[in-house]
Amino acid sequence: MHDQAPVEDLARRAAGGDGAALDRLLTEIRPETVRRCARFLPCREDAEEAAQDVLLQVARHISGFEGRSRFGTWLYTVVANCCRQKYRELKRRAAEQPAVIEPGHAVDPRTTSVIAGSRVDLLEALERLEREHPRLVAPLVYRDICQLDYAEAAERAGLPLGTFKSRLHEARRQVRPWLTAS
């Protein structure tokens with residue numbers, strides 16, 4: 001999303017029912033959407049699938065964008081939700097049909113990205129946090145993953161700023177040992 005003003009304008013027009021604006025908006029945000037999905041999902045193909053899900057959700061629910069926050073903020077929420085859903089789907093699929101690694105096709109740990117492993121760890125931690133403390137997930141996602149400023153993240157989570165900061169602190173406290181216990 002190179003130039004914010006046209007994207008914001010396209011989003012408002014699309015939310016108002018302008019189909020041509022929606023088509024242009026989807027074309028404009030696709031590259032950034034793929035990049036944002038790749039921050040969550042280590043495999044490029046999975047990130048691209050999640051990006052398609054995001055674009056579909058944007059097309060279906062653009063009328064829900066009220067313009068109270070920036071479109072990019074609204075979009076990042078959709079990205080976060082779709083990526084977490086894609087991760088759950090991939091995990092469920094892997095549990096149902098474990099992959100057989102053929103000799104010669106094993107992953108060489110020397111060439112595997114460290115960041116990919118850390119992203120999987122984070123997704124696992126988010127999933128566990130959602131099971132154990134669901135009210136702590138939104139603050140962690142909005143502030144630490146979406147990197148929204150505190151005020152915008154609190155607004156997005158629908159919480160007073162003090163409550164948001166308190167829940168974020170608790171979420172970080174909960175997640176920290178899960179990420180360091182490898």
# chains A, B, ... in the order shown; residues from 1 in each chain; ligands from 1
>>> select_by_dssp(residues="segment 4-177 of chain A", states="helix (DSSP H, G or I)", output="JSON, numbers by chain")
{"A": [4, 5, 6, 7, 8, 9, 10, 11, 12, 13, 14, 15, 19, 20, 21, 22, 23, 24, 25, 26, 27, 28, 29, 30, 31, 32, 33, 34, 35, 36, 37, 38, 39, 40, 44, 45, 46, 47, 48, 49, 50, 51, 52, 53, 54, 55, 56, 57, 58, 59, 60, 61, 62, 63, 64, 71, 72, 73, 74, 75, 76, 77, 78, 79, 80, 81, 82, 83, 84, 85, 86, 87, 88, 89, 90, 91, 92, 93, 94, 95, 96, 114, 115, 116, 117, 118, 119, 120, 121, 122, 123, 124, 125, 126, 127, 128, 129, 130, 131, 132, 134, 135, 136, 137, 138, 139, 140, 141, 142, 143, 144, 145, 150, 151, 152, 153, 154, 155, 156, 157, 161, 162, 163, 164, 165, 166, 167, 168, 169, 170, 171, 172, 173, 174, 175, 176, 177]}
>>> residues_around(residues="segment 90-97 of chain A", least_positions_apart="4", cutoff="9 Å", atoms="only C-alpha atoms", output="mmCIF file with C-alpha atoms, in the first residue's frame")
data_model
loop_
_atom_site.group_PDB
_atom_site.id
_atom_site.type_symbol
_atom_site.label_atom_id
_atom_site.label_comp_id
_atom_site.auth_asym_id
_atom_site.auth_seq_id
_atom_site.Cartn_x
_atom_site.Cartn_y
_atom_site.Cartn_z
ATOM 1 C CA ASP A 46 0.513 -21.073 2.998
ATOM 2 C CA GLN A 85 -7.257 -19.806 11.036
ATOM 3 C CA LYS A 86 -4.979 -21.077 8.247
#
>>> atom_distance(atom1="atom CA of Cys146 of chain A", atom2="atom CA of Val79 of chain A")
9.2 Å
>>> residues_around(residues="segment 9-11 of chain A", least_positions_apart="6", cutoff="9 Å", atoms="only C-alpha atoms", output="mmCIF file with C-alpha atoms, in the first residue's frame")
data_model
loop_
_atom_site.group_PDB
_atom_site.id
_atom_site.type_symbol
_atom_site.label_atom_id
_atom_site.label_comp_id
_atom_site.auth_asym_id
_atom_site.auth_seq_id
_atom_site.Cartn_x
_atom_site.Cartn_y
_atom_site.Cartn_z
ATOM 1 C CA ASP A 18 -18.752 0.923 -5.152
ATOM 2 C CA ALA A 21 -13.482 0.715 -6.060
ATOM 3 C CA LEU A 22 -13.547 -2.713 -4.399
ATOM 4 C CA ARG A 24 -9.145 -1.654 -7.441
ATOM 5 C CA LEU A 25 -8.733 -1.921 -3.668
ATOM 6 C CA ILE A 62 -15.898 -4.378 3.379
ATOM 7 C CA PHE A 65 -15.351 -1.065 7.533
ATOM 8 C CA GLY A 67 -13.648 4.295 8.643
ATOM 9 C CA PHE A 71 -8.116 0.803 6.614
#
>>> atom_distance(atom1="atom CA of Phe164 of chain A", atom2="atom CA of Arg12 of chain A")
27.9 Å
>>> closest_residue(among="A:Pro139, A:Ala151, A:His61, A:Ala157", to="Glu170 of chain A", atoms="only C-alpha atoms")
A:Pro139
>>> residues_around(residues="Arg156 of chain A", least_positions_apart="6", cutoff="9 Å", atoms="only C-alpha atoms", output="list in words")
Ser69, Thr73, Trp74, Thr77, Ala138 and Tyr142 of chain A
